[in-house]
Structures are given as structure tokens and as C-alpha cells.
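Engineer: My questions will all concern the structure given below.
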Amino acid sequence: MSTVKITDVTLRDGHQSLWATRMSLQDMLPVLEKIDSAGYHSLEVWGGATFDVCLRYLDEDPWIRLKTIKRYVKHTPLQMLLRGQSLVGYRHYPDDVVKAFIGKAVENGIDIIRIFDALNDLRNMEVPISAAKKEGAHVQGTVVYTVSPVHTMDHFLKVAKDIENMGADSICIKDMAGLLTPFSAYEIVKLFKENLRVPVQLHSHYIGGLALGAYIEAVRAGVDVVDTATTPLAFGASLPPVETVVRSLMGTPWDTGLDLHLLFDIAKYFDDLRRELGYERGVTRLTDMGVFEHQVPGGMISNLIQQLKEQKAENRLVEVLKEIPRVRAELGYPPLVTPTSQIVGIQAVLNVLLRERYKIVPEEVKNYVKGFYGKPPAPIDEEIKRRILNEVEPISGRPADYLEPLLEQARLEIGELAENDEDVISYALFPQVTRKFLEKRKEGKLQPGKRQDKKYEESVREVEENMDIKNITELIKALEETGVTELNLESGGVKINIKRESDIVKEKDDRAFKQKQEMSKPCEEADNKKNNFIEIKSPMVGTFYRAPAPDAPPFVEIGTRVKPGQTLCIIEAMKLMNEITSEEAGQVVEILVENGQPVEYGQPLFILEREI
């Protein structure tokens, strides 16, 4: 028996799970030195979704965030989460990018790198582990835990032993969906401790309510380190609270030695911040209890909700959660952790929103089925494979062996916008997002740490709390179907006025339309002409891109003749790129959206003239 150590994940996984990764560096700075003095084994502060979100939403340079945290945290090792060959992105990157990224991460302050592969495919961990070892970092190899017909204790132990033989300094059991029961936690930790030479760490999310029990049993089985978060960013989709774990072990042979009073001071800071930012505490909701069926992990479920809000489809969350296990089984039971969680998640969302399964298949899903993310734990459903790939054969080797070096090409593309090697690496990982960020930086338009308008947020929240949105929608529909032109509603002090254009306005519009019609060609001719044109609409909310990369030529121009199935553009939604194709042959006569602009569901993108 020995003291149990604790890694604090508040500054990475805590807010990624509960606050959609929106904690800024300015939010962290006032409390960093106090956290540093708490006596943690390590602080997880970087990696995962934080890199992308800094650039995309927070106007922050993630490299500057890391360097700044390192200046404040002088005693506690800094830790990051690395998605194997996917680094901090959502696809695989070539080896030159992987080596450069890891080198700069260590140079800028990372001491411990937790490396995992979503499929437990060790080929995707070889280069990251060797690069991290070469840079002198502590390498924590990771076994991704999940439940499926093919994920057995023998499988997990084999993966752990192979990772240890690759040079890992410690092993983490990563239970991102909170599926470990207390008895399973005891079993797997005991198995690892009896068969491995290196320390064992446990990371389990609270989402289904089992994590605290799992931690206690893991401690009894000999676990060396567990992950926790401060109470205001614990529970729910996040991890167990540090204060509860510390108190549970106090006075036992496993006593952590951490000062509860100091931990409470830290918690008070974050609770005040939570109130200021308007975030709720982590709670286990009824839909969260379905985790044992849908297996959606903490970070994924908060992002799913956010993404459905962007698609104006929050009411379809239950349908999506039912669709996810079906898609997961068809794709060979990948564990739901980034990037495979995004791959399974967006396909499930599209299947539900479009009311037709696999009508649109994002490029990342196609690449997964082709083998470019690694070997699935179980065979992919043959019918789904044929539908997605047609006659294309999947690859069989290490995915990164099929990728050309990228770093020098990225350096040339981004040009003078890049001020250092870190900028080039960021661009190699997220081209469109980084280019926008660097252009804003050059123009002096970055506003890191800027808060959203609280008055607006509170008014929206107040309406949501006091009005049944479904009822309002039904009233609007009734308004359209009757002669009523205005309704006034009041609930809980909130007033809403709904108006419909009067018949006078309609008659005026009708007269104007008839006058315009008389000045144009006959109606039948106009109708026939209209029937010769196809309007291509956006099937989702997202960002419109005309080309596959910033410096690549557009998919189509005005005048381009297209065939059925030909790609017209990309809509970036839910962090994945979705190719929009033409269902008919024709010629592009109009492009209705500027490159890089946001688009709404159903918004027209192109007009094509049918081939006759």
C-alpha cells in the first residue's frame, strides 16, 4: 500500500466536459499559483479540444497559453492529452507534423504526454511515443476502455503490455464514458498491477455516477494515480471531485496528503467564475444514465448538445443517442473517444437530421472505413462498407505511411502570416481556422478573453425558462393557418408579440407581383425555365468552403459542368468536413455564398441548370 497521487484535470478535461472548452487563459491566471501549491502529481492543462477551441473561438494562441501557464506553475509537472497520430486534431497527420508538434510541446512546457489511440491500434502510437521519448518527456501510454463484444480484459492487458514494451513510463486506463463499474475497476487495475512494471493511472468520467465507486475499488486494487477536477467543474459529464476523493482516503494507508482547506479555496474561485460565466454545475441527467447503452463520453455529450443547438435540433438529442450505438456497431465498435467519437457522432446526427441513413457521409467517415484511422476493433458491416466505398479497397498498413510530409508545404502556404514554427504547425493541423486567426492577429483584431454579452444570454435563458418553445412554434403554425394576424403572450413576466403580415400588405404584394409578371415573359415560359434549374441547399448549419484547402482550386466555378455525385463544396459542421454533392447532371450558373461564410440549414448554395 502507498499514498495515492492525484492529477488535476480542471484546466483541460473539466471545462471541456462541462463548459464546451470555453475557459480562457485570463480565467485561469488568478488561481494558477494556488493550484501549483496544492501538491498535485500533475496538472492536465493542454491538448484534447483546447488547442482547436483557442484558435477557433477564444482568439487565443494555444502555444502562448501553454508558455504562460508554465511561467506561473513552477513546481507541478504539466500534462497534456495527445490523440496519437491525430495529435490534437480529428484526422491523422504525417510523421513530420507529429514530431514537430511534440518537440514544440515539450519545448514550451509540457512534462507528461498522455498518448492514446481511439482504436487501441498500436501502429498509431509508435511515432508519437518515440518522438516524446526523444524529447525527454514522461510518456504515459493509454488503454482506451469501452464495452463491446470484442473488448475483453485479455484485450486490454495485451494492449497495455505492448505499450509498456514500446517504452511507456506509465499506463493510463482511459474510461472516457464512465462505463467502469467498481468491480470492473478493481479487476482491470489488479490485472495491470500484477502484469506490468510501470505505474498505473485511472481516468474515469462521472457521467453515469459510477466513477467514485470505481476509484475507491481501484485504490484497493493498487492504482497509483487517479484523475479528478475541482468540485465546480466535476460531476456530470466531467470527472469525480478532488475534495470527495481526498476526504474518502483521509486517515487510510492511501491518504493523498492534500490540504482540503486549500482545495476549498480553489473550488470557491472556480465556483465564482462559474456563476460569472453563467455555467451550470455538473449533474447526471436522465439522458446521462443512458450512457450504459449509448456510451457517449463526457466531452462528446456536451459537444453533441452544442452541435444540435447550432443545427436548431436540440429536441432530437434522444434520437441521436439511440442512433449512435447502431452506427458504432456498423462501424466495428470503435470506442467513443476523439476522433472516432466525432466520426460516429456526426454520422448519427446526419442520419437523424436528414431522415435517411448514410445519405451524406463526411470525408472523415469515408477515411475511417478506408482504414485511414487504423484497424477497427471488429469488422465493419459489409453492406455499410459497400455503400460508403463502392469498389474502393481499404488500406491494410499503418495509416501514416500513406501520408506525404506536410510541414514544408504548410510553411509555403501560410507564408508571412506565420511568425514562428508554432504558427506553421497550427496551420498544418487546422488550415482554415489558423489562417483566419493569423489574419486577425496581423490586423490587430484579436480579443482574447472577451466575454459574450451577458444581458443577451440572460434574456435568452429567461425566455427559455419561462416559455414552452414548442407551444410557441405551434402557435406560429396556427397563426399561419388562420386569419388571425397578431398574438400577445405573457409568462413569468416575459412578453412575446407574434405578428403576421396583414391581408392589405399581401394584396399590395400581389399587385406588385402581377405588375412585375406583366412586364416579364408569359407564366408558362417562366415556369418551364424554372423547372430547368436545380437549387442546391445546405443540409446543415455550418461554414461554407468552395475548395478542399485554402490554396486549392475550388471544386466548381460558374460554367462548370457537373455529374451526379460530383462534389460542389464542403460544409464544415461539428468539427468535420462534409462534402455536398450534386444529385443530378447540370451546369453551375450561380454560386450564392462567399467562401468561408456561415450558412444556415436549407440556405441555397448553388443554382444548376439541368442537362436536357
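Each chain in the C-alpha cells gets a letter, A, B, ..., in the order shown, and its residues are numbered from 1; ligands are numbered from 1 in order too.
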Which of stretch 82-254 of chain A end up as strand (DSSP E or B) when DSSP is run on this backbone - answer as a PyMOL selection string?

Structural biologist: chain A and resi 82+112-115+138-144+170-175+200-204+225-229+241

Engineer: Each residue of stretch 380-416 of chain A with at least one atom at most 9 Å from stretch 331-348 of chain A should appear once, together with its nearest atom pair and the corresponding distance in Å (one decimal); atoms considered: only C-alpha atoms; ordering: chain, then increasing residue number; output as CSV.

Structural biologist:
```
residue,atom,partner,partner_atom,distance
A:Ile380,CA,A:Gly332,CA,4.6
A:Asp381,CA,A:Leu331,CA,6.4
A:Ile384,CA,A:Leu331,CA,8.1
A:Lys385,CA,A:Leu331,CA,8.4
```

Engineer: What would the file look like if the residues just selected were written as a PDB file, in the first residue's frame with C-alpha atoms?

Structural biologist:
```
ATOM      1  CA  ILE A 380     -17.234  -3.109 -40.462  1.00  0.00           C
ATOM      2  CA  ASP A 381     -20.703  -4.116 -41.655  1.00  0.00           C
ATOM      3  CA  ILE A 384     -22.392  -0.201 -44.991  1.00  0.00           C
ATOM      4  CA  LYS A 385     -18.841  -0.594 -46.302  1.00  0.00           C
TER       5      LYS A 385
END
```

Engineer: Choose the residue, out of A:Ala160, A:Leu354, A:Ala218, A:Ala131, that has the smallest atom-to-atom separation from A:Val143; count only C-alpha atoms.

Structural biologist: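 Closest candidate: A:Ala160.
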
Engineer: For A:Leu438, work out the shell of residues within 12 Å, counting only C-alpha atoms and skipping chain neighbours fewer than 3 positions away, then give it as a ChimeraX atom specification.

Structural biologist: /A:55-56,59-61,414-420,422-424,426-427,430-435,441-446

Engineer: Rounded to one decimal place, report the atom CA of A:Val352-atom CA of A:Gly596 distance in Å.

Structural biologist: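 Going from atom CA of A:Val352 over to atom CA of A:Gly596, I get 26.0 Å.
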
Engineer: Write out as an MDAnalysis selection string the residues lying within 9 Å of A:Tyr93, counting only C-alpha atoms and excluding same-chain residues fewer than 5 positions away.

Structural biologist: chainID A and resid 85:87 98 400 403 405:406 428:429

Engineer: Using only C-alpha atoms, which residue out of A:Gly48, A:Pro77, A:Gly213, A:Pro240 lies closest to A:Tyr90?

Structural biologist: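 Among the listed residues, A:Gly48 lies closest to A:Tyr90.
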
Engineer: List the spatial neighbours of A:Glu535 as a list in words - criterion: any atom at most 8 Å away, only C-alpha atoms, same-chain residues fewer than 6 positions off excluded.

Structural biologist: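 Listed by chain and then number, they are Pro604, Leu605, Phe606, Ile607 and Leu608 of chain A.
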
Engineer: Produce a file of the selected residues containing C-alpha atoms, as a PDB file, in the first residue's frame.

Structural biologist:
```
ATOM      1  CA  PRO A 604     -29.397  27.977 -51.134  1.00  0.00           C
ATOM      2  CA  LEU A 605     -25.743  27.449 -52.105  1.00  0.00           C
ATOM      3  CA  PHE A 606     -25.743  26.933 -55.871  1.00  0.00           C
ATOM      4  CA  ILE A 607     -28.074  27.108 -58.852  1.00  0.00           C
ATOM      5  CA  LEU A 608     -27.505  24.491 -61.545  1.00  0.00           C
TER       6      LEU A 608
END
```

Engineer: Expressed in Å to a single decimal, how great is the separation between atom CA of A:Val159 and atom CA of A:Leu180?

Structural biologist: 17.5 Å

Engineer: Would you list the contacts of stretch 266-274 of chain A as a list in words, taking every protein, DNA or RNA residue within 6 Å and counting only C-alpha atoms, but skipping same-chain residues closer than 4 positions in sequence?

Structural biologist: Thr230, Pro232, Gly278 and Tyr279 of chain A

Engineer: Okay, now the selection with N, CA and C atoms, as a compact mmCIF listing (two decimals), in the first residue's frame?

Structural biologist:
```
# COMPACT_ATOMS: atom_id res chain seq x y z
N THR A 230 -11.77 20.01 -9.72
CA THR A 230 -12.35 20.78 -8.61
C THR A 230 -13.87 20.69 -8.69
N PRO A 232 -16.59 22.56 -8.65
CA PRO A 232 -17.44 23.30 -9.60
C PRO A 232 -17.32 22.82 -11.04
N GLY A 278 -21.93 31.99 -16.19
CA GLY A 278 -23.30 31.51 -16.43
C GLY A 278 -23.40 30.02 -16.70
N TYR A 279 -22.42 29.23 -16.23
CA TYR A 279 -22.47 27.78 -16.46
C TYR A 279 -23.12 27.07 -15.28
```
